[in-house]
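Peer 1: One file is attached below, work-v8.pdb, containing PDB, C-alpha atoms.
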```
ATOM      1  CA  MET O   1     124.024 109.361  62.129
ATOM      2  CA  ARG O   2     127.001 110.911  63.883
ATOM      3  CA  ARG O   3     126.330 114.265  62.226
ATOM      4  CA  LEU O   4     122.577 114.248  62.720
ATOM      5  CA  LEU O   5     122.635 113.090  66.336
ATOM      6  CA  PRO O   6     125.991 114.127  67.876
ATOM      7  CA  HIS O   7     124.929 113.365  71.443
ATOM      8  CA  PRO O   8     122.189 110.716  71.594
ATOM      9  CA  LEU O   9     122.122 110.977  75.396
ATOM     10  CA  LEU O  10     121.631 114.734  75.453
ATOM     11  CA  THR O  11     118.389 114.672  73.435
ATOM     12  CA  PRO O  12     116.186 112.860  75.998
ATOM     13  CA  ILE O  13     117.788 114.810  78.860
ATOM     14  CA  LEU O  14     117.054 118.167  77.199
ATOM     15  CA  THR O  15     113.516 117.041  76.376
ATOM     16  CA  VAL O  16     112.888 116.161  80.025
ATOM     17  CA  VAL O  17     114.377 119.502  81.143
ATOM     18  CA  TRP O  18     112.093 121.346  78.696
ATOM     19  CA  LEU O  19     109.023 119.462  79.988
ATOM     20  CA  LEU O  20     110.005 120.229  83.586
ATOM     21  CA  LEU O  21     110.497 123.898  82.751
ATOM     22  CA  ASN O  22     107.019 124.054  81.260
ATOM     23  CA  ASN O  23     105.502 121.842  83.932
ATOM     24  CA  SER O  24     103.404 119.986  81.392
ATOM     25  CA  ILE O  25     103.357 116.776  79.350
ATOM     26  CA  ALA O  26     101.090 118.017  76.574
ATOM     27  CA  PRO O  27     101.889 116.400  73.174
ATOM     28  CA  GLY O  28     102.802 119.791  71.704
ATOM     29  CA  GLN O  29     105.382 120.411  74.423
ATOM     30  CA  ILE O  30     106.854 116.917  73.934
ATOM     31  CA  VAL O  31     107.315 117.567  70.194
ATOM     32  CA  LEU O  32     108.827 120.999  70.897
ATOM     33  CA  GLY O  33     111.096 119.426  73.535
ATOM     34  CA  LEU O  34     112.274 116.765  71.089
ATOM     35  CA  ILE O  35     113.028 119.408  68.444
ATOM     36  CA  LEU O  36     115.020 121.467  70.967
ATOM     37  CA  GLY O  37     116.741 118.319  72.251
ATOM     38  CA  TRP O  38     117.848 117.593  68.698
ATOM     39  CA  ALA O  39     118.791 121.143  67.665
ATOM     40  CA  ILE O  40     120.716 122.289  70.761
ATOM     41  CA  PRO O  41     123.347 119.496  70.705
ATOM     42  CA  LEU O  42     123.745 120.076  66.969
ATOM     43  CA  LEU O  43     124.391 123.795  67.443
ATOM     44  CA  SER O  44     126.642 123.384  70.500
ATOM     45  CA  ILE O  45     128.795 120.579  69.057
ATOM     46  CA  ARG O  46     131.877 122.777  68.935
ATOM     47  CA  PHE O  47     131.556 123.397  72.644
ATOM     48  CA  TRP O  48     131.275 119.701  73.464
ATOM     49  CA  PRO O  49     133.190 117.733  70.858
ATOM     50  CA  ASP O  50     133.735 114.432  72.644
ATOM     51  CA  LYS O  51     130.984 111.873  72.570
ATOM     52  CA  VAL O  52     129.748 110.855  76.001
ATOM     53  CA  TYR O  53     129.315 107.180  76.710
ATOM     54  CA  VAL O  54     127.690 105.714  79.779
ATOM     55  CA  TYR O  55     128.961 102.168  79.998
ATOM     56  CA  LYS O  56     127.101 101.254  83.158
ATOM     57  CA  PRO O  57     123.799 103.106  83.712
ATOM     58  CA  LEU O  58     123.040 101.134  86.887
ATOM     59  CA  THR O  59     126.351 102.159  88.451
ATOM     60  CA  LEU O  60     125.487 105.746  87.510
ATOM     61  CA  MET O  61     122.236 105.449  89.477
ATOM     62  CA  ARG O  62     124.182 104.033  92.425
ATOM     63  CA  TYR O  63     126.690 106.867  92.178
ATOM     64  CA  ILE O  64     123.905 109.483  92.197
ATOM     65  CA  ILE O  65     122.339 107.922  95.305
ATOM     66  CA  VAL O  66     125.705 107.748  97.094
ATOM     67  CA  VAL O  67     126.412 111.415  96.290
ATOM     68  CA  LEU O  68     122.931 112.571  97.348
ATOM     69  CA  ILE O  69     123.267 110.804 100.710
ATOM     70  CA  ASP O  70     126.758 112.280 101.128
ATOM     71  CA  ILE O  71     125.421 115.774 100.385
ATOM     72  CA  VAL O  72     122.927 115.490 103.242
ATOM     73  CA  VAL O  73     125.619 114.143 105.597
ATOM     74  CA  ALA O  74     128.019 116.894 104.441
ATOM     75  CA  ASN O  75     125.496 119.581 105.319
ATOM     76  CA  PHE O  76     125.189 118.347 108.896
ATOM     77  CA  ILE O  77     128.945 117.964 109.325
ATOM     78  CA  VAL O  78     129.746 121.435 107.965
ATOM     79  CA  ALA O  79     126.909 123.005 109.978
ATOM     80  CA  ARG O  80     128.346 121.461 113.151
ATOM     81  CA  ARG O  81     131.864 122.672 112.304
ATOM     82  CA  ILE O  82     130.586 126.213 111.696
ATOM     83  CA  LEU O  83     128.684 126.273 114.980
ATOM     84  CA  GLY O  84     131.598 124.711 116.858
ATOM     85  CA  ASN O  85     134.776 126.547 117.772
ATOM     86  CA  PRO O  86     136.353 127.745 114.500
ATOM     87  CA  ASP O  87     139.789 127.986 116.126
ATOM     88  CA  ARG O  88     139.909 124.222 116.523
ATOM     89  CA  LEU O  89     139.596 123.587 112.781
ATOM     90  CA  LYS O  90     142.644 122.246 110.997
ATOM     91  CA  PRO O  91     142.277 123.087 107.305
ATOM     92  CA  ALA O  92     144.691 121.437 104.881
ATOM     93  CA  PHE O  93     145.429 121.134 101.193
ATOM     94  CA  ALA O  94     145.706 117.699  99.644
ATOM     95  CA  LYS O  95     146.657 116.491  96.200
ATOM     96  CA  LEU O  96     144.535 113.910  94.460
ATOM     97  CA  PRO O  97     146.270 112.082  91.596
ATOM     98  CA  LEU O  98     143.599 111.470  88.949
ATOM     99  CA  ASP O  99     143.084 108.162  87.180
ATOM    100  CA  LEU O 100     140.226 109.582  85.134
ATOM    101  CA  THR O 101     140.874 110.982  81.691
ATOM    102  CA  SER O 102     137.437 111.958  80.383
ATOM    103  CA  ASP O 103     136.564 115.651  80.839
ATOM    104  CA  LEU O 104     133.022 114.943  81.973
ATOM    105  CA  ALA O 105     134.169 112.393  84.550
ATOM    106  CA  ILE O 106     136.769 114.803  85.960
ATOM    107  CA  SER O 107     134.247 117.629  86.271
ATOM    108  CA  LEU O 108     131.716 115.316  87.910
ATOM    109  CA  LEU O 109     134.383 114.172  90.364
ATOM    110  CA  ALA O 110     135.318 117.781  91.157
ATOM    111  CA  ASN O 111     131.646 118.631  91.685
ATOM    112  CA  SER O 112     131.130 115.637  93.962
ATOM    113  CA  ILE O 113     134.216 116.515  95.999
ATOM    114  CA  THR O 114     132.930 120.033  96.600
ATOM    115  CA  LEU O 115     129.464 118.821  97.565
ATOM    116  CA  THR O 116     130.631 116.114  99.966
ATOM    117  CA  PRO O 117     131.829 116.355 103.577
ATOM    118  CA  GLY O 118     134.484 118.908 104.383
ATOM    119  CA  THR O 119     136.264 119.016 101.020
ATOM    120  CA  LEU O 120     136.481 121.543  98.217
ATOM    121  CA  SER O 121     138.113 121.053  94.858
ATOM    122  CA  ALA O 122     140.372 124.050  94.349
ATOM    123  CA  ARG O 123     142.440 123.562  91.254
ATOM    124  CA  LEU O 124     142.994 121.162  88.393
ATOM    125  CA  SER O 125     146.589 120.973  87.233
ATOM    126  CA  SER O 126     147.129 122.001  83.628
ATOM    127  CA  ASP O 127     148.024 118.451  82.581
ATOM    128  CA  ARG O 128     144.787 117.156  84.145
ATOM    129  CA  LYS O 129     146.621 114.673  86.319
ATOM    130  CA  TYR O 130     146.128 116.226  89.738
ATOM    131  CA  LEU O 131     143.287 117.866  91.574
ATOM    132  CA  LEU O 132     144.107 120.163  94.461
ATOM    133  CA  ILE O 133     141.641 119.720  97.322
ATOM    134  CA  HIS O 134     141.044 121.947 100.309
ATOM    135  CA  ALA O 135     139.786 120.145 103.407
ATOM    136  CA  LEU O 136     137.995 122.013 106.166
ATOM    137  CA  ASN O 137     139.213 119.822 108.996
ATOM    138  CA  GLU O 138     141.645 117.092 108.089
ATOM    139  CA  THR O 139     144.589 115.739 110.017
ATOM    140  CA  ASP O 140     145.361 112.914 107.604
ATOM    141  CA  PRO O 141     145.307 114.031 103.944
ATOM    142  CA  ASP O 142     146.493 110.615 102.694
ATOM    143  CA  ALA O 143     143.490 108.848 104.223
ATOM    144  CA  LEU O 144     141.203 111.477 102.689
ATOM    145  CA  ILE O 145     142.594 110.834  99.234
ATOM    146  CA  VAL O 146     142.198 107.074  99.611
ATOM    147  CA  THR O 147     138.555 107.573 100.647
ATOM    148  CA  ILE O 148     137.787 109.828  97.681
ATOM    149  CA  LYS O 149     139.458 107.464  95.250
ATOM    150  CA  GLN O 150     137.561 104.444  96.524
ATOM    151  CA  ARG O 151     134.206 106.111  97.066
ATOM    152  CA  TYR O 152     133.837 108.264  93.940
ATOM    153  CA  GLU O 153     136.617 107.922  91.426
ATOM    154  CA  ARG O 154     136.382 104.133  91.140
ATOM    155  CA  LEU O 155     132.655 104.338  90.347
ATOM    156  CA  LEU O 156     133.113 107.195  87.861
ATOM    157  CA  LYS O 157     135.827 105.264  86.087
ATOM    158  CA  GLU O 158     133.530 102.263  85.736
ATOM    159  CA  ILE O 159     130.705 104.456  84.432
ATOM    160  CA  PHE O 160     132.443 106.655  81.885
ATOM    161  CA  GLU O 161     135.571 104.825  80.849
ATOM    162  CA  LYS O 162     136.074 101.473  79.250
ATOM    163  CA  CYS O 163     138.363  99.370  81.418
TER     164      CYS O 163
ATOM    165  CA  MET B   1      99.299 117.315 108.969
ATOM    166  CA  LEU B   2     100.649 118.535 105.617
ATOM    167  CA  ASP B   3     100.996 122.034 107.028
ATOM    168  CA  TYR B   4     103.232 120.716 109.804
ATOM    169  CA  LEU B   5     105.435 118.905 107.290
ATOM    170  CA  LEU B   6     105.679 122.009 105.106
ATOM    171  CA  SER B   7     106.489 124.339 107.975
ATOM    172  CA  PHE B   8     109.081 121.870 109.264
ATOM    173  CA  LEU B   9     110.758 121.724 105.830
ATOM    174  CA  ILE B  10     110.758 125.517 105.439
ATOM    175  CA  LEU B  11     112.109 126.123 108.952
ATOM    176  CA  PHE B  12     114.732 123.406 108.503
ATOM    177  CA  GLY B  13     115.786 124.959 105.184
ATOM    178  CA  ALA B  14     115.905 128.451 106.659
ATOM    179  CA  ILE B  15     118.076 127.281 109.566
ATOM    180  CA  PHE B  16     120.556 125.562 107.270
ATOM    181  CA  THR B  17     120.746 128.533 104.901
ATOM    182  CA  PHE B  18     121.370 130.736 107.918
ATOM    183  CA  ILE B  19     124.123 128.453 109.235
ATOM    184  CA  GLY B  20     125.764 128.507 105.809
ATOM    185  CA  SER B  21     125.801 132.304 105.825
ATOM    186  CA  LEU B  22     126.964 132.350 109.442
ATOM    187  CA  GLY B  23     130.012 130.410 108.266
ATOM    188  CA  LEU B  24     131.129 133.482 106.335
ATOM    189  CA  VAL B  25     131.408 135.410 109.595
ATOM    190  CA  ARG B  26     132.690 132.722 111.935
ATOM    191  CA  LEU B  27     135.352 131.017 109.855
ATOM    192  CA  LYS B  28     138.805 132.523 109.710
ATOM    193  CA  ASP B  29     140.200 132.451 106.181
ATOM    194  CA  PHE B  30     138.945 132.604 102.615
ATOM    195  CA  TYR B  31     139.240 128.904 101.828
ATOM    196  CA  THR B  32     137.344 127.682 104.894
ATOM    197  CA  ARG B  33     134.686 130.342 104.296
ATOM    198  CA  LEU B  34     134.013 128.794 100.914
ATOM    199  CA  HIS B  35     132.818 125.611 102.641
ATOM    200  CA  GLY B  36     129.815 127.256 104.283
ATOM    201  CA  PRO B  37     127.936 128.595 101.255
ATOM    202  CA  THR B  38     128.726 125.592  99.046
ATOM    203  CA  LYS B  39     127.528 122.926 101.441
ATOM    204  CA  ALA B  40     125.299 124.086 104.225
ATOM    205  CA  THR B  41     123.126 126.031 101.787
ATOM    206  CA  THR B  42     122.471 123.177  99.331
ATOM    207  CA  LEU B  43     120.447 121.251 101.906
ATOM    208  CA  GLY B  44     118.753 124.458 103.080
ATOM    209  CA  VAL B  45     117.639 125.593  99.639
ATOM    210  CA  GLY B  46     116.865 121.965  98.746
ATOM    211  CA  SER B  47     114.376 121.497 101.565
ATOM    212  CA  ILE B  48     112.686 124.851 100.869
ATOM    213  CA  LEU B  49     112.273 123.772  97.242
ATOM    214  CA  ILE B  50     110.853 120.392  98.291
ATOM    215  CA  ALA B  51     108.344 122.246 100.456
ATOM    216  CA  SER B  52     107.457 124.442  97.475
ATOM    217  CA  ALA B  53     106.969 121.418  95.202
ATOM    218  CA  ILE B  54     104.690 119.709  97.738
ATOM    219  CA  PHE B  55     102.700 122.895  98.359
ATOM    220  CA  PHE B  56     101.966 123.648  94.699
ATOM    221  CA  SER B  57     101.385 119.975  93.821
ATOM    222  CA  THR B  58      98.660 119.659  96.433
ATOM    223  CA  ARG B  59      97.040 123.085  96.075
ATOM    224  CA  GLY B  60      97.648 124.294  92.541
ATOM    225  CA  THR B  61      96.603 122.725  89.270
ATOM    226  CA  GLY B  62      98.516 119.505  88.644
ATOM    227  CA  ILE B  63     101.974 118.498  89.778
ATOM    228  CA  SER B  64     104.692 121.122  90.133
ATOM    229  CA  LEU B  65     108.183 119.871  89.313
ATOM    230  CA  HIS B  66     110.090 123.049  88.412
ATOM    231  CA  GLU B  67     111.808 122.770  91.743
ATOM    232  CA  ILE B  68     113.690 119.632  90.734
ATOM    233  CA  LEU B  69     115.347 121.670  87.996
ATOM    234  CA  ILE B  70     116.298 124.463  90.385
ATOM    235  CA  THR B  71     117.898 121.914  92.723
ATOM    236  CA  LEU B  72     119.732 120.327  89.809
ATOM    237  CA  PHE B  73     121.106 123.646  88.548
ATOM    238  CA  LEU B  74     122.104 124.583  92.084
ATOM    239  CA  LEU B  75     124.008 121.318  92.516
ATOM    240  CA  ILE B  76     125.843 121.944  89.249
ATOM    241  CA  THR B  77     126.638 125.641  89.649
ATOM    242  CA  ALA B  78     127.544 125.919  93.360
ATOM    243  CA  PRO B  79     130.683 123.717  93.098
ATOM    244  CA  VAL B  80     131.757 125.358  89.839
ATOM    245  CA  SER B  81     131.635 128.870  91.310
ATOM    246  CA  ALA B  82     133.391 127.626  94.472
ATOM    247  CA  HIS B  83     136.094 126.044  92.312
ATOM    248  CA  LEU B  84     136.623 129.293  90.397
ATOM    249  CA  LEU B  85     136.742 131.342  93.610
ATOM    250  CA  ALA B  86     139.278 128.927  95.121
ATOM    251  CA  LYS B  87     141.363 129.026  91.957
ATOM    252  CA  ALA B  88     141.335 132.819  91.930
ATOM    253  CA  ALA B  89     142.293 132.861  95.620
ATOM    254  CA  LEU B  90     145.209 130.512  94.952
ATOM    255  CA  HIS B  91     146.315 132.725  92.111
ATOM    256  CA  LEU B  92     146.217 135.842  94.304
ATOM    257  CA  GLU B  93     147.938 133.921  97.132
ATOM    258  CA  LEU B  94     145.447 134.979  99.788
ATOM    259  CA  ASN B  95     146.271 134.243 103.404
ATOM    260  CA  SER B  96     145.388 130.733 104.438
ATOM    261  CA  LEU B  97     145.356 128.751 107.665
ATOM    262  CA  ALA B  98     146.474 125.710 105.746
ATOM    263  CA  LYS B  99     149.863 125.574 104.092
ATOM    264  CA  ILE B 100     149.391 126.570 100.464
ATOM    265  CA  PRO B 101     151.265 124.331  98.015
ATOM    266  CA  THR B 102     153.797 126.156  95.863
ATOM    267  CA  LYS B 103     152.831 127.287  92.365
ATOM    268  CA  LYS B 104     154.901 124.551  90.813
ATOM    269  CA  VAL B 105     153.214 121.821  92.853
ATOM    270  CA  GLN B 106     149.800 123.257  92.042
ATOM    271  CA  GLN B 107     150.527 123.253  88.359
ATOM    272  CA  GLU B 108     152.231 119.975  87.738
ATOM    273  CA  GLY B 109     151.909 117.694  90.709
ATOM    274  CA  LEU B 110     154.498 116.883  93.324
ATOM    275  CA  GLU B 111     156.325 114.030  91.625
ATOM    276  CA  GLN B 112     156.264 115.800  88.313
ATOM    277  CA  ALA B 113     157.626 118.982  89.860
ATOM    278  CA  ASN B 114     160.581 116.964  91.116
ATOM    279  CA  GLN B 115     160.946 115.357  87.718
ATOM    280  CA  THR B 116     161.021 118.687  85.931
ATOM    281  CA  GLU B 117     163.698 119.895  88.329
ATOM    282  CA  VAL B 118     165.746 116.794  87.523
ATOM    283  CA  ALA B 119     165.009 117.285  83.853
ATOM    284  CA  GLN B 120     166.198 120.887  84.019
ATOM    285  CA  GLN B 121     169.441 119.761  85.604
ATOM    286  CA  THR B 122     169.938 117.035  83.016
ATOM    287  CA  THR B 123     169.042 119.131  79.975
ATOM    288  CA  GLU B 124     172.321 120.988  80.433
ATOM    289  CA  LYS B 125     174.175 117.712  80.132
ATOM    290  CA  ILE B 126     171.976 116.527  77.293
ATOM    291  CA  GLU B 127     172.349 119.675  75.226
ATOM    292  CA  PRO B 128     175.806 118.933  73.816
ATOM    293  CA  LEU B 129     174.557 115.418  72.969
ATOM    294  CA  THR B 130     171.611 116.789  71.013
ATOM    295  CA  SER B 131     173.837 119.247  69.190
ATOM    296  CA  SER B 132     176.229 116.432  68.260
ATOM    297  CA  ASP B 133     173.194 114.433  67.106
ATOM    298  CA  GLY B 134     172.251 117.406  65.002
ATOM    299  CA  SER B 135     175.744 117.582  63.464
ATOM    300  CA  GLN B 136     175.610 113.831  62.736
ATOM    301  CA  ASP B 137     172.343 114.397  60.963
ATOM    302  CA  GLN B 138     173.958 117.180  58.969
ATOM    303  CA  GLU B 139     176.880 114.918  58.081
ATOM    304  CA  LEU B 140     174.457 112.221  56.984
ATOM    305  CA  ALA B 141     172.576 114.745  54.911
ATOM    306  CA  GLN B 142     175.836 115.926  53.326
ATOM    307  CA  LYS B 143     176.828 112.320  52.493
ATOM    308  CA  GLN B 144     173.471 111.694  50.925
TER     309      GLN B 144
END
```
The structure in this file should be written as structure tokens.

Peer 2:
Amino acid sequence: MRRLLPHPLLTPILTVVWLLLNNSIAPGQIVLGLILGWAIPLLSIRFWPDKVYVYKPLTLMRYIIVVLIDIVVANFIVARRILGNPDRLKPAFAKLPLDLTSDLAISLLANSITLTPGTLSARLSSDRKYLLIHALNETDPDALIVTIKQRYERLLKEIFEKC
Amino acid sequence: MLDYLLSFLILFGAIFTFIGSLGLVRLKDFYTRLHGPTKATTLGVGSILIASAIFFSTRGTGISLHEILITLFLLITAPVSAHLLAKAALHLELNSLAKIPTKKVQQEGLEQANQTEVAQQTTEKIEPLTSSDGSQDQELAQKQ
């Protein structure tokens, strides 16, 4: 089972992506999508060796909604900062100590940080314990880190890691 | 009515994409410039793609959902390229308005950097201990 279906989650996702690419739900395309969804994870197993678990799918949905809303808010905030006086910006670097250990969770967190208001993930330390964040306008880096931890990291930990 | 919605979405998207690009000119250093293209453009391109999906779903044959994929790929790739650019900039030590953390702090974390410094100081004291341990081991081996 493990060898035939290395990533059970990836198969339906790839099938849906294939159907979206072809813009059709014809039976032939579904079969082709399922074959690709089975073959691609099998061939790319060396690239992605760890099995991905989603412990709480509902929390994942909530996380996606939170991030999407934050992306829209982020766009307005950054647009206003760009149009405002750039000399008044106070950029800063901040260090986020990571509680997450799973690779996928860390990369999702880094992606979310970049997409959300005024922050950019700049560097992951080699021991994967710290993420360096650049903030566009931040006077209190400690408060920023607390917000990120509570808003995103807590949810990601619940979703991808067994407590 | 639909035309108004579509033109609103396209104009809105164009304005946001423009603001994102404007950020490259107006902002002062490399790191802050990265913020413009990664954020302001996602909403801009997103709303243009939504307009495209609505347009082809109502006028073409059947529903058009390619655009969801484009949005998804954009959301995945924009932060990754920004992360790589920021990492490269840190490596090259480009000028920054914000104080750049030292290489050591970037690599290992603040507390750990301090710990390694302490560890380096203590290793000198530990070294004779380890060598004596080694000699004890040798003695044990000789006895055996």

Peer 1: Starting from the PyMOL selection byres ((chain O and resi 68-73) around 10), expand the selection into actual residues of this file and give them as a PDB file with C-alpha atoms, in the frame of the given file.

Peer 2:
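The result, stored in out-v6.pdb:
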```pdb
ATOM      1  CA  ARG O  62     124.182 104.033  92.425  1.00  0.00           C
ATOM      2  CA  TYR O  63     126.690 106.867  92.178  1.00  0.00           C
ATOM      3  CA  ILE O  64     123.905 109.483  92.197  1.00  0.00           C
ATOM      4  CA  ILE O  65     122.339 107.922  95.305  1.00  0.00           C
ATOM      5  CA  VAL O  66     125.705 107.748  97.094  1.00  0.00           C
ATOM      6  CA  VAL O  67     126.412 111.415  96.290  1.00  0.00           C
ATOM      7  CA  ALA O  74     128.019 116.894 104.441  1.00  0.00           C
ATOM      8  CA  ASN O  75     125.496 119.581 105.319  1.00  0.00           C
ATOM      9  CA  PHE O  76     125.189 118.347 108.896  1.00  0.00           C
ATOM     10  CA  ILE O  77     128.945 117.964 109.325  1.00  0.00           C
ATOM     11  CA  VAL O  78     129.746 121.435 107.965  1.00  0.00           C
ATOM     12  CA  ALA O  79     126.909 123.005 109.978  1.00  0.00           C
ATOM     13  CA  SER O 112     131.130 115.637  93.962  1.00  0.00           C
ATOM     14  CA  ILE O 113     134.216 116.515  95.999  1.00  0.00           C
ATOM     15  CA  THR O 114     132.930 120.033  96.600  1.00  0.00           C
ATOM     16  CA  LEU O 115     129.464 118.821  97.565  1.00  0.00           C
ATOM     17  CA  THR O 116     130.631 116.114  99.966  1.00  0.00           C
ATOM     18  CA  PRO O 117     131.829 116.355 103.577  1.00  0.00           C
TER      19      PRO O 117
ATOM     20  CA  LYS B  39     127.528 122.926 101.441  1.00  0.00           C
ATOM     21  CA  ALA B  40     125.299 124.086 104.225  1.00  0.00           C
ATOM     22  CA  THR B  42     122.471 123.177  99.331  1.00  0.00           C
ATOM     23  CA  LEU B  43     120.447 121.251 101.906  1.00  0.00           C
ATOM     24  CA  GLY B  44     118.753 124.458 103.080  1.00  0.00           C
ATOM     25  CA  GLY B  46     116.865 121.965  98.746  1.00  0.00           C
ATOM     26  CA  LEU B  75     124.008 121.318  92.516  1.00  0.00           C
TER      27      LEU B  75
END
```

Peer 1: What's the 10 Å shell around O:Ile82, counting only C-alpha atoms, without same-chain residues fewer than 6 positions away, as a ChimeraX atom specification?

Peer 2: /O:76,89 /B:19-27,32-33,35-36,40

Peer 1: What does the structure give for the distance between atom CA of B:Thr71 and atom CA of B:Pro37, in Å to one decimal?

Peer 2: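 Value for the atom CA of B:Thr71-atom CA of B:Pro37 distance: 14.8 Å.
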
Peer 1: Translate the PyMOL selection byres ((chain B and resi 72) around 12) into a concrete residue list for this structure, as a short mmCIF file (atom, residue, chain, number, x, y, z; two decimals) with C-alpha atoms, in the coordinates of the input.

Peer 2:
```cif
data_model
loop_
_atom_site.label_atom_id
_atom_site.label_comp_id
_atom_site.auth_asym_id
_atom_site.auth_seq_id
_atom_site.Cartn_x
_atom_site.Cartn_y
_atom_site.Cartn_z
CA VAL O 17 114.38 119.50 81.14
CA LEU O 20 110.00 120.23 83.59
CA ILE O 64 123.90 109.48 92.20
CA LEU O 68 122.93 112.57 97.35
CA THR B 42 122.47 123.18 99.33
CA VAL B 45 117.64 125.59 99.64
CA GLY B 46 116.86 121.96 98.75
CA LEU B 49 112.27 123.77 97.24
CA LEU B 65 108.18 119.87 89.31
CA HIS B 66 110.09 123.05 88.41
CA GLU B 67 111.81 122.77 91.74
CA ILE B 68 113.69 119.63 90.73
CA LEU B 69 115.35 121.67 88.00
CA ILE B 70 116.30 124.46 90.38
CA THR B 71 117.90 121.91 92.72
CA PHE B 73 121.11 123.65 88.55
CA LEU B 74 122.10 124.58 92.08
CA LEU B 75 124.01 121.32 92.52
CA ILE B 76 125.84 121.94 89.25
CA THR B 77 126.64 125.64 89.65
CA ALA B 78 127.54 125.92 93.36
CA PRO B 79 130.68 123.72 93.10
#
```

Peer 1: Taking into account all atoms listed in the file, which residue in the set B:Leu94, B:Leu5, B:Ile48, B:Ile63 is nearest to chain O?

Peer 2: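 Among the listed residues, the smallest separation from chain O belongs to B:Ile63.
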
Peer 1: Out of O:Ser125, O:Gln29, O:Gln150, O:Ser102, which residue has the shortest atom-to-atom distance to chain B when counting all atoms listed in the file?

Peer 2: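 Nearest candidate to chain B out of O:Ser125, O:Gln29, O:Gln150, O:Ser102: O:Ser125.
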
Peer 1: Using Å and a single decimal, report how far atom CA of O:Trp38 sits from atom CA of O:Thr11.

Peer 2: 5.6 Å

Peer 1: Please report the interatomic distance between atom CA of O:Asp127 and atom CA of O:Leu96 in Å with one decimal.

Peer 2: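 Spanning atom CA of O:Asp127 to atom CA of O:Leu96 is a straight-line distance of 13.2 Å.
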
Peer 1: Nearest residue to B:Thr38 out of O:Ile145, O:Thr119, O:Tyr152, O:Glu161, using all atoms listed in the file?

Peer 2: O:Thr119

Peer 1: Quick one: 8 Å padding each side, axis-aligned, all listed atoms of stretch 20-31 of chain O - centre and edge lengths in Å to one decimal, as JSON?

Peer 2:
```
{"center_x": 105.8, "center_y": 120.2, "center_z": 77.1, "size_x": 25.4, "size_y": 23.7, "size_z": 29.7}
```

Peer 1: Return the single residue from O:Ala105, O:Leu131, O:Leu42, O:Met61 that is closest to chain B, with distances computed using all atoms listed in the file.

Peer 2: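 Of O:Ala105, O:Leu131, O:Leu42, O:Met61, the one nearest chain B, counting all atoms listed in the file, is O:Leu131.
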
Peer 1: Convert the output of the PyMOL selection byres ((chain O and resi 18) around 10) on the shown file into explicit residues, formatted as a PyMOL selection string.

Peer 2: (chain O and resi 12-17+19-25+29-30+32-34+36-37) or (chain B and resi 69)

Peer 1: So which residues touch O:Tyr130 within 8 Å, counting all atoms listed in the file, skipping near sequence neighbours fewer than 2 positions away, as a count of residues only?

Peer 2: 11

Peer 1: Find the residue from O:Gly28, O:Ile148, O:Leu58, O:Ile106 that sits nearest to O:Lys129; use all atoms listed in the file when measuring.

Peer 2: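 Once distances to O:Lys129 are computed over all atoms listed in the file, the minimum belongs to O:Ile106.
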
Peer 1: Of the candidates O:Pro91, O:Pro141, O:Pro8, O:Gly118, which shows the shortest atom-to-atom distance to O:Val52, using all atoms listed in the file?

Peer 2: O:Pro8
